[in-house]
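S.K.: One file: my_file-v9.pdb (PDB, C-alpha atoms and all ligand atoms).
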ATOM      1  CA  MET U   1     167.450  82.731  57.646  1.00  0.00           C
ATOM      2  CA  ALA U   2     164.258  80.669  57.438  1.00  0.00           C
ATOM      3  CA  ALA U   3     161.221  82.348  55.898  1.00  0.00           C
ATOM      4  CA  SER U   4     158.771  83.642  58.480  1.00  0.00           C
ATOM      5  CA  ILE U   5     155.295  82.180  58.694  1.00  0.00           C
ATOM      6  CA  PHE U   6     154.018  85.422  57.126  1.00  0.00           C
ATOM      7  CA  THR U   7     156.406  85.104  54.155  1.00  0.00           C
ATOM      8  CA  ARG U   8     155.010  81.604  53.660  1.00  0.00           C
ATOM      9  CA  ILE U   9     151.481  83.041  53.724  1.00  0.00           C
ATOM     10  CA  ILE U  10     152.530  85.765  51.220  1.00  0.00           C
ATOM     11  CA  ASN U  11     153.982  83.045  48.975  1.00  0.00           C
ATOM     12  CA  GLY U  12     150.766  81.032  49.146  1.00  0.00           C
ATOM     13  CA  GLU U  13     152.433  78.089  50.927  1.00  0.00           C
ATOM     14  CA  ILE U  14     150.147  78.459  53.954  1.00  0.00           C
ATOM     15  CA  PRO U  15     146.455  79.384  53.673  1.00  0.00           C
ATOM     16  CA  CYS U  16     144.925  82.474  55.211  1.00  0.00           C
ATOM     17  CA  HIS U  17     141.657  84.385  55.134  1.00  0.00           C
ATOM     18  CA  LYS U  18     142.901  87.238  52.968  1.00  0.00           C
ATOM     19  CA  VAL U  19     141.069  90.561  52.999  1.00  0.00           C
ATOM     20  CA  TYR U  20     143.462  92.726  50.953  1.00  0.00           C
ATOM     21  CA  GLU U  21     146.572  92.489  48.752  1.00  0.00           C
ATOM     22  CA  ASP U  22     148.640  94.833  46.595  1.00  0.00           C
ATOM     23  CA  ASP U  23     152.249  94.870  45.326  1.00  0.00           C
ATOM     24  CA  ARG U  24     153.732  95.604  48.758  1.00  0.00           C
ATOM     25  CA  VAL U  25     151.112  94.629  51.347  1.00  0.00           C
ATOM     26  CA  ILE U  26     148.864  91.746  52.344  1.00  0.00           C
ATOM     27  CA  ALA U  27     146.177  91.707  55.046  1.00  0.00           C
ATOM     28  CA  PHE U  28     144.436  88.660  56.501  1.00  0.00           C
ATOM     29  CA  LEU U  29     142.511  87.561  59.579  1.00  0.00           C
ATOM     30  CA  ASP U  30     144.534  86.659  62.675  1.00  0.00           C
ATOM     31  CA  ILE U  31     144.335  82.920  63.360  1.00  0.00           C
ATOM     32  CA  ASN U  32     143.853  83.528  67.125  1.00  0.00           C
ATOM     33  CA  PRO U  33     141.779  86.706  67.203  1.00  0.00           C
ATOM     34  CA  LEU U  34     141.311  88.877  70.274  1.00  0.00           C
ATOM     35  CA  SER U  35     137.937  89.838  68.819  1.00  0.00           C
ATOM     36  CA  PRO U  36     135.965  89.166  65.619  1.00  0.00           C
ATOM     37  CA  GLY U  37     137.620  91.009  62.713  1.00  0.00           C
ATOM     38  CA  HIS U  38     141.137  91.002  64.246  1.00  0.00           C
ATOM     39  CA  THR U  39     143.202  91.596  61.107  1.00  0.00           C
ATOM     40  CA  LEU U  40     146.938  91.623  60.406  1.00  0.00           C
ATOM     41  CA  ILE U  41     148.451  94.023  57.871  1.00  0.00           C
ATOM     42  CA  VAL U  42     151.819  92.745  56.698  1.00  0.00           C
ATOM     43  CA  PRO U  43     154.417  94.242  54.340  1.00  0.00           C
ATOM     44  CA  LYS U  44     155.709  91.769  51.768  1.00  0.00           C
ATOM     45  CA  GLU U  45     159.215  92.970  52.619  1.00  0.00           C
ATOM     46  CA  PRO U  46     160.462  90.500  55.257  1.00  0.00           C
ATOM     47  CA  ALA U  47     161.755  93.088  57.777  1.00  0.00           C
ATOM     48  CA  GLU U  48     161.695  91.716  61.321  1.00  0.00           C
ATOM     49  CA  THR U  49     160.799  94.945  63.105  1.00  0.00           C
ATOM     50  CA  VAL U  50     159.428  98.309  62.031  1.00  0.00           C
ATOM     51  CA  ASP U  51     162.726 100.144  62.557  1.00  0.00           C
ATOM     52  CA  LYS U  52     164.192  97.952  59.790  1.00  0.00           C
ATOM     53  CA  LEU U  53     161.355  98.545  57.319  1.00  0.00           C
ATOM     54  CA  SER U  54     161.981 100.544  54.118  1.00  0.00           C
ATOM     55  CA  ASP U  55     160.227 103.880  53.589  1.00  0.00           C
ATOM     56  CA  GLU U  56     158.483 102.358  50.553  1.00  0.00           C
ATOM     57  CA  SER U  57     156.909  99.513  52.557  1.00  0.00           C
ATOM     58  CA  ALA U  58     156.083 101.873  55.420  1.00  0.00           C
ATOM     59  CA  SER U  59     154.301 104.193  52.990  1.00  0.00           C
ATOM     60  CA  ALA U  60     152.395 101.300  51.461  1.00  0.00           C
ATOM     61  CA  ILE U  61     151.232 100.147  54.905  1.00  0.00           C
ATOM     62  CA  GLY U  62     150.265 103.670  55.961  1.00  0.00           C
ATOM     63  CA  ARG U  63     148.310 104.167  52.775  1.00  0.00           C
ATOM     64  CA  VAL U  64     146.019 101.187  53.398  1.00  0.00           C
ATOM     65  CA  LEU U  65     145.723 101.237  57.208  1.00  0.00           C
ATOM     66  CA  PRO U  66     142.778 103.685  57.298  1.00  0.00           C
ATOM     67  CA  ARG U  67     140.974 101.933  54.448  1.00  0.00           C
ATOM     68  CA  ILE U  68     141.289  98.460  55.963  1.00  0.00           C
ATOM     69  CA  SER U  69     140.345  99.848  59.394  1.00  0.00           C
ATOM     70  CA  ARG U  70     137.146 101.312  57.928  1.00  0.00           C
ATOM     71  CA  ALA U  71     136.335  97.967  56.294  1.00  0.00           C
ATOM     72  CA  VAL U  72     136.886  96.044  59.546  1.00  0.00           C
ATOM     73  CA  LEU U  73     134.575  98.451  61.390  1.00  0.00           C
ATOM     74  CA  ALA U  74     131.934  98.208  58.659  1.00  0.00           C
ATOM     75  CA  ALA U  75     132.062  94.406  58.564  1.00  0.00           C
ATOM     76  CA  THR U  76     131.996  93.830  62.330  1.00  0.00           C
ATOM     77  CA  GLY U  77     129.858  96.705  63.558  1.00  0.00           C
ATOM     78  CA  ALA U  78     132.568  97.683  66.038  1.00  0.00           C
ATOM     79  CA  LYS U  79     132.704 101.385  66.887  1.00  0.00           C
ATOM     80  CA  ALA U  80     136.232 101.382  68.305  1.00  0.00           C
ATOM     81  CA  PHE U  81     139.494  99.640  67.558  1.00  0.00           C
ATOM     82  CA  ASN U  82     143.169  99.505  68.464  1.00  0.00           C
ATOM     83  CA  ILE U  83     146.131  99.305  66.132  1.00  0.00           C
ATOM     84  CA  LEU U  84     148.916  97.324  67.779  1.00  0.00           C
ATOM     85  CA  GLN U  85     152.424  96.837  66.471  1.00  0.00           C
ATOM     86  CA  ASN U  86     154.941  94.822  68.524  1.00  0.00           C
ATOM     87  CA  ASN U  87     158.716  94.936  67.986  1.00  0.00           C
ATOM     88  CA  GLY U  88     161.001  92.451  69.719  1.00  0.00           C
ATOM     89  CA  ALA U  89     160.331  89.494  71.985  1.00  0.00           C
ATOM     90  CA  GLY U  90     160.481  91.823  75.004  1.00  0.00           C
ATOM     91  CA  ALA U  91     157.586  93.773  73.491  1.00  0.00           C
ATOM     92  CA  HIS U  92     155.404  90.701  72.930  1.00  0.00           C
ATOM     93  CA  GLN U  93     156.376  90.097  69.290  1.00  0.00           C
ATOM     94  CA  ALA U  94     155.939  86.421  68.406  1.00  0.00           C
ATOM     95  CA  VAL U  95     156.236  86.492  64.589  1.00  0.00           C
ATOM     96  CA  PHE U  96     159.420  88.233  63.457  1.00  0.00           C
ATOM     97  CA  HIS U  97     158.040  89.786  60.306  1.00  0.00           C
ATOM     98  CA  VAL U  98     156.580  93.287  60.691  1.00  0.00           C
ATOM     99  CA  HIS U  99     152.820  93.345  61.117  1.00  0.00           C
ATOM    100  CA  PHE U 100     150.163  95.731  62.333  1.00  0.00           C
ATOM    101  CA  HIS U 101     147.166  94.359  64.227  1.00  0.00           C
ATOM    102  CA  ILE U 102     143.764  95.969  63.728  1.00  0.00           C
ATOM    103  CA  ILE U 103     141.752  94.836  66.747  1.00  0.00           C
ATOM    104  CA  PRO U 104     138.085  95.810  67.004  1.00  0.00           C
ATOM    105  CA  LYS U 105     136.980  96.708  70.522  1.00  0.00           C
ATOM    106  CA  PHE U 106     133.403  95.874  71.469  1.00  0.00           C
ATOM    107  CA  GLU U 107     131.208  97.211  74.244  1.00  0.00           C
ATOM    108  CA  SER U 108     131.301  93.701  75.742  1.00  0.00           C
ATOM    109  CA  GLY U 109     135.009  94.347  76.408  1.00  0.00           C
ATOM    110  CA  GLN U 110     136.148  91.949  73.700  1.00  0.00           C
ATOM    111  CA  GLY U 111     139.323  93.240  72.071  1.00  0.00           C
ATOM    112  CA  LEU U 112     142.693  94.452  73.274  1.00  0.00           C
ATOM    113  CA  GLY U 113     143.099  94.909  77.040  1.00  0.00           C
ATOM    114  CA  ILE U 114     145.594  97.613  77.917  1.00  0.00           C
ATOM    115  CA  GLY U 115     147.487  98.026  81.192  1.00  0.00           C
ATOM    116  CA  TRP U 116     148.781 101.596  80.975  1.00  0.00           C
ATOM    117  CA  LYS U 117     150.823 102.956  83.865  1.00  0.00           C
ATOM    118  CA  PRO U 118     151.849 106.502  82.921  1.00  0.00           C
ATOM    119  CA  GLY U 119     155.048 107.932  84.388  1.00  0.00           C
ATOM    120  CA  LYS U 120     156.295 111.516  84.629  1.00  0.00           C
ATOM    121  CA  LEU U 121     158.387 113.046  81.853  1.00  0.00           C
ATOM    122  CA  GLU U 122     161.856 113.874  83.101  1.00  0.00           C
ATOM    123  CA  ASP U 123     164.744 115.471  81.172  1.00  0.00           C
ATOM    124  CA  GLY U 124     162.370 115.889  78.211  1.00  0.00           C
ATOM    125  CA  ALA U 125     164.496 118.531  76.460  1.00  0.00           C
ATOM    126  CA  ALA U 126     167.670 116.437  76.520  1.00  0.00           C
ATOM    127  CA  LEU U 127     165.854 113.262  75.508  1.00  0.00           C
ATOM    128  CA  ALA U 128     163.954 114.962  72.678  1.00  0.00           C
ATOM    129  CA  SER U 129     167.145 116.477  71.312  1.00  0.00           C
ATOM    130  CA  ARG U 130     168.932 113.085  71.423  1.00  0.00           C
ATOM    131  CA  ILE U 131     166.070 111.466  69.496  1.00  0.00           C
ATOM    132  CA  ALA U 132     165.851 114.348  67.040  1.00  0.00           C
ATOM    133  CA  ALA U 133     169.601 114.153  66.402  1.00  0.00           C
ATOM    134  CA  ALA U 134     169.327 110.416  65.720  1.00  0.00           C
ATOM    135  CA  ILE U 135     166.604 110.772  63.072  1.00  0.00           C
TER     136      ILE U 135
HETATM  137  P1  LIG V   1     152.735  89.366  67.561  1.00  0.00           P
HETATM  138  O1  LIG V   1     152.690  88.973  69.025  1.00  0.00           O
HETATM  139  O2  LIG V   1     154.000  88.882  66.880  1.00  0.00           O
HETATM  140  O3  LIG V   1     152.500  90.837  67.373  1.00  0.00           O
HETATM  141  O4  LIG V   1     151.483  88.664  66.907  1.00  0.00           O
HETATM  142  C1  LIG V   1     151.562  87.615  65.977  1.00  0.00           C
HETATM  143  C2  LIG V   1     150.145  87.274  65.572  1.00  0.00           C
HETATM  144  O5  LIG V   1     150.194  86.410  64.467  1.00  0.00           O
HETATM  145  C3  LIG V   1     149.324  86.580  66.663  1.00  0.00           C
HETATM  146  O6  LIG V   1     148.169  87.355  66.950  1.00  0.00           O
HETATM  147  C4  LIG V   1     148.999  85.222  66.057  1.00  0.00           C
HETATM  148  O7  LIG V   1     147.696  84.767  66.387  1.00  0.00           O
HETATM  149  C5  LIG V   1     149.140  85.483  64.568  1.00  0.00           C
HETATM  150  N1  LIG V   1     149.537  84.308  63.794  1.00  0.00           N
HETATM  151  C6  LIG V   1     150.590  83.477  64.064  1.00  0.00           C
HETATM  152  N2  LIG V   1     150.668  82.502  63.140  1.00  0.00           N
HETATM  153  C7  LIG V   1     149.659  82.733  62.260  1.00  0.00           C
HETATM  154  C8  LIG V   1     149.234  82.047  61.079  1.00  0.00           C
HETATM  155  O8  LIG V   1     149.796  81.043  60.643  1.00  0.00           O
HETATM  156  N3  LIG V   1     148.157  82.572  60.419  1.00  0.00           N
HETATM  157  C9  LIG V   1     147.507  83.686  60.877  1.00  0.00           C
HETATM  158  N4  LIG V   1     146.463  84.106  60.152  1.00  0.00           N
HETATM  159  N5  LIG V   1     147.877  84.354  61.986  1.00  0.00           N
HETATM  160  C10 LIG V   1     148.946  83.864  62.674  1.00  0.00           C
END
Have the structure of the file written as structure tokens, please.
Ligand code: 5GP
M.R.:
Amino acid sequence: MAASIFTRIINGEIPCHKVYEDDRVIAFLDINPLSPGHTLIVPKEPAETVDKLSDESASAIGRVLPRISRAVLAATGAKAFNILQNNGAGAHQAVFHVHFHIIPKFESGQGLGIGWKPGKLEDGAALASRIAAAI
């Protein structure tokens, strides 16, 4: 399978505005930001979606998410932000290499727009037990 654009960034074949790197993770500015400071946190492991990511990479991402979020807030002056993580073309994923977006939200409205249409939980007990059994 061809290397993803993010693997090529990790390998230094494509430039990026890098803000953080360690053995397992890289973070850089999104090339088409929703707001100033829009940052992508990417595991070096080339898993396509988060359900395929190893526990080690997941831990490494989780360890730096708060720290990078604080830095984005400090650098942009934003007071709020969203963390977005898309899996699958049907869920708006365009680059098939796991990544977490940190998207500052400004009082001007700049940032992630969310259309949220809540439903009503039905058969919660049966559904929860099916998910629990699958973990
Ligand atoms: P997705 O919809 O897959 O969650 O988002 C992919 C993101 O990657 C988009 O926000 C897009 O702007 C960003 N992106 C795609 N190609 C590049 C690139 O070559 N460099 C950088 N820095 N960001 C990219």
S.K.: Might you spell out which residues the PyMOL selection byres (((chain U and resi 60) around 9) and not hetatm) would select in the displayed file, as a list in words?
M.R.: Asp22, Asp23, Arg24, Val25, Pro43, Asp55, Glu56, Ser57, Ala58, Ser59, Ile61, Gly62, Arg63, Val64 and Leu65 of chain U
S.K.: Could you give me, as an mmCIF file with C-alpha atoms, in the frame of the given file, the residues within 9 Å of Lys18 (chain U), counting all atoms listed in the file and dropping anything in the same chain fewer than 6 positions from it?
M.R.:
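The resulting out24.cif:
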data_model
loop_
_atom_site.group_PDB
_atom_site.id
_atom_site.type_symbol
_atom_site.label_atom_id
_atom_site.label_comp_id
_atom_site.auth_asym_id
_atom_site.auth_seq_id
_atom_site.Cartn_x
_atom_site.Cartn_y
_atom_site.Cartn_z
ATOM 1 C CA ILE U 26 148.864 91.746 52.344
ATOM 2 C CA ALA U 27 146.177 91.707 55.046
ATOM 3 C CA PHE U 28 144.436 88.660 56.501
ATOM 4 C CA LEU U 29 142.511 87.561 59.579
#
S.K.: Could you write out as a PyMOL selection string the residues that the PyMOL selection byres (((chain U and resi 106-109) around 7) and not hetatm) matches in the shown file?
M.R.: chain U and resi 78+80+104-105+110-111
S.K.: Would you work out the distance separating atom O1 of ligand LIG 1 (chain V) from CA of Pro36 (chain U), expressed in Å to one decimal?
M.R.: 17.1 Å
S.K.: Any residue with an atom at most 6 Å from ligand LIG 1 (chain V) counts, using all atoms listed in the file. Which are they? Put them as a PDB file with C-alpha atoms, keeping the file's coordinate frame.
M.R.:
ATOM      1  CA  ILE U   5     155.295  82.180  58.694  1.00  0.00           C
ATOM      2  CA  CYS U  16     144.925  82.474  55.211  1.00  0.00           C
ATOM      3  CA  LEU U  29     142.511  87.561  59.579  1.00  0.00           C
ATOM      4  CA  ASP U  30     144.534  86.659  62.675  1.00  0.00           C
ATOM      5  CA  ILE U  31     144.335  82.920  63.360  1.00  0.00           C
ATOM      6  CA  ASN U  32     143.853  83.528  67.125  1.00  0.00           C
ATOM      7  CA  ASN U  86     154.941  94.822  68.524  1.00  0.00           C
ATOM      8  CA  HIS U  92     155.404  90.701  72.930  1.00  0.00           C
ATOM      9  CA  GLN U  93     156.376  90.097  69.290  1.00  0.00           C
ATOM     10  CA  ALA U  94     155.939  86.421  68.406  1.00  0.00           C
ATOM     11  CA  VAL U  95     156.236  86.492  64.589  1.00  0.00           C
TER      12      VAL U  95
END
S.K.: Would you mind completing region 23-39 of chain U so that it carries N, CA, C and O atoms, and writing it out as a PDB file, keeping the file's coordinate frame?
M.R.:
ATOM      1  N   ASP U  23     150.857  95.242  45.646  1.00  0.00           N
ATOM      2  CA  ASP U  23     152.249  94.870  45.326  1.00  0.00           C
ATOM      3  C   ASP U  23     153.132  94.745  46.570  1.00  0.00           C
ATOM      4  O   ASP U  23     154.091  93.971  46.579  1.00  0.00           O
ATOM      5  N   ARG U  24     152.833  95.531  47.597  1.00  0.00           N
ATOM      6  CA  ARG U  24     153.732  95.604  48.758  1.00  0.00           C
ATOM      7  C   ARG U  24     153.131  95.103  50.060  1.00  0.00           C
ATOM      8  O   ARG U  24     153.848  94.933  51.048  1.00  0.00           O
ATOM      9  N   VAL U  25     151.818  94.885  50.075  1.00  0.00           N
ATOM     10  CA  VAL U  25     151.112  94.629  51.347  1.00  0.00           C
ATOM     11  C   VAL U  25     150.113  93.490  51.199  1.00  0.00           C
ATOM     12  O   VAL U  25     149.485  93.346  50.137  1.00  0.00           O
ATOM     13  N   ILE U  26     149.964  92.718  52.275  1.00  0.00           N
ATOM     14  CA  ILE U  26     148.864  91.746  52.344  1.00  0.00           C
ATOM     15  C   ILE U  26     148.189  91.923  53.708  1.00  0.00           C
ATOM     16  O   ILE U  26     148.845  92.327  54.681  1.00  0.00           O
ATOM     17  N   ALA U  27     146.900  91.661  53.764  1.00  0.00           N
ATOM     18  CA  ALA U  27     146.177  91.707  55.046  1.00  0.00           C
ATOM     19  C   ALA U  27     145.269  90.483  55.120  1.00  0.00           C
ATOM     20  O   ALA U  27     144.646  90.098  54.120  1.00  0.00           O
ATOM     21  N   PHE U  28     145.246  89.880  56.312  1.00  0.00           N
ATOM     22  CA  PHE U  28     144.436  88.660  56.501  1.00  0.00           C
ATOM     23  C   PHE U  28     144.006  88.573  57.960  1.00  0.00           C
ATOM     24  O   PHE U  28     144.566  89.256  58.837  1.00  0.00           O
ATOM     25  N   LEU U  29     143.024  87.718  58.215  1.00  0.00           N
ATOM     26  CA  LEU U  29     142.511  87.561  59.579  1.00  0.00           C
ATOM     27  C   LEU U  29     143.538  86.850  60.458  1.00  0.00           C
ATOM     28  O   LEU U  29     144.183  85.886  60.017  1.00  0.00           O
ATOM     29  N   ASP U  30     143.670  87.322  61.698  1.00  0.00           N
ATOM     30  CA  ASP U  30     144.534  86.659  62.675  1.00  0.00           C
ATOM     31  C   ASP U  30     143.935  85.288  63.023  1.00  0.00           C
ATOM     32  O   ASP U  30     142.728  85.162  63.218  1.00  0.00           O
ATOM     33  N   ILE U  31     144.806  84.293  63.116  1.00  0.00           N
ATOM     34  CA  ILE U  31     144.335  82.920  63.360  1.00  0.00           C
ATOM     35  C   ILE U  31     143.836  82.737  64.802  1.00  0.00           C
ATOM     36  O   ILE U  31     143.022  81.842  65.074  1.00  0.00           O
ATOM     37  N   ASN U  32     144.304  83.574  65.716  1.00  0.00           N
ATOM     38  CA  ASN U  32     143.853  83.528  67.125  1.00  0.00           C
ATOM     39  C   ASN U  32     143.376  84.919  67.536  1.00  0.00           C
ATOM     40  O   ASN U  32     144.045  85.629  68.299  1.00  0.00           O
ATOM     41  N   PRO U  33     142.205  85.310  67.040  1.00  0.00           N
ATOM     42  CA  PRO U  33     141.779  86.706  67.203  1.00  0.00           C
ATOM     43  C   PRO U  33     141.435  87.081  68.642  1.00  0.00           C
ATOM     44  O   PRO U  33     140.901  86.268  69.393  1.00  0.00           O
ATOM     45  N   LEU U  34     141.750  88.336  68.988  1.00  0.00           N
ATOM     46  CA  LEU U  34     141.311  88.877  70.274  1.00  0.00           C
ATOM     47  C   LEU U  34     139.842  89.262  70.218  1.00  0.00           C
ATOM     48  O   LEU U  34     139.184  89.392  71.260  1.00  0.00           O
ATOM     49  N   SER U  35     139.357  89.509  69.010  1.00  0.00           N
ATOM     50  CA  SER U  35     137.937  89.838  68.819  1.00  0.00           C
ATOM     51  C   SER U  35     137.616  89.564  67.353  1.00  0.00           C
ATOM     52  O   SER U  35     138.524  89.501  66.506  1.00  0.00           O
ATOM     53  N   PRO U  36     136.321  89.409  67.013  1.00  0.00           N
ATOM     54  CA  PRO U  36     135.965  89.166  65.619  1.00  0.00           C
ATOM     55  C   PRO U  36     136.443  90.322  64.727  1.00  0.00           C
ATOM     56  O   PRO U  36     136.248  91.486  65.055  1.00  0.00           O
ATOM     57  N   GLY U  37     137.115  89.987  63.632  1.00  0.00           N
ATOM     58  CA  GLY U  37     137.620  91.009  62.713  1.00  0.00           C
ATOM     59  C   GLY U  37     139.085  91.348  62.935  1.00  0.00           C
ATOM     60  O   GLY U  37     139.665  92.126  62.177  1.00  0.00           O
ATOM     61  N   HIS U  38     139.699  90.769  63.970  1.00  0.00           N
ATOM     62  CA  HIS U  38     141.137  91.002  64.246  1.00  0.00           C
ATOM     63  C   HIS U  38     141.935  90.666  62.972  1.00  0.00           C
ATOM     64  O   HIS U  38     141.951  89.533  62.509  1.00  0.00           O
ATOM     65  N   THR U  39     142.557  91.702  62.424  1.00  0.00           N
ATOM     66  CA  THR U  39     143.202  91.596  61.107  1.00  0.00           C
ATOM     67  C   THR U  39     144.666  91.979  61.214  1.00  0.00           C
ATOM     68  O   THR U  39     145.028  92.879  61.984  1.00  0.00           O
TER      69      THR U  39
END
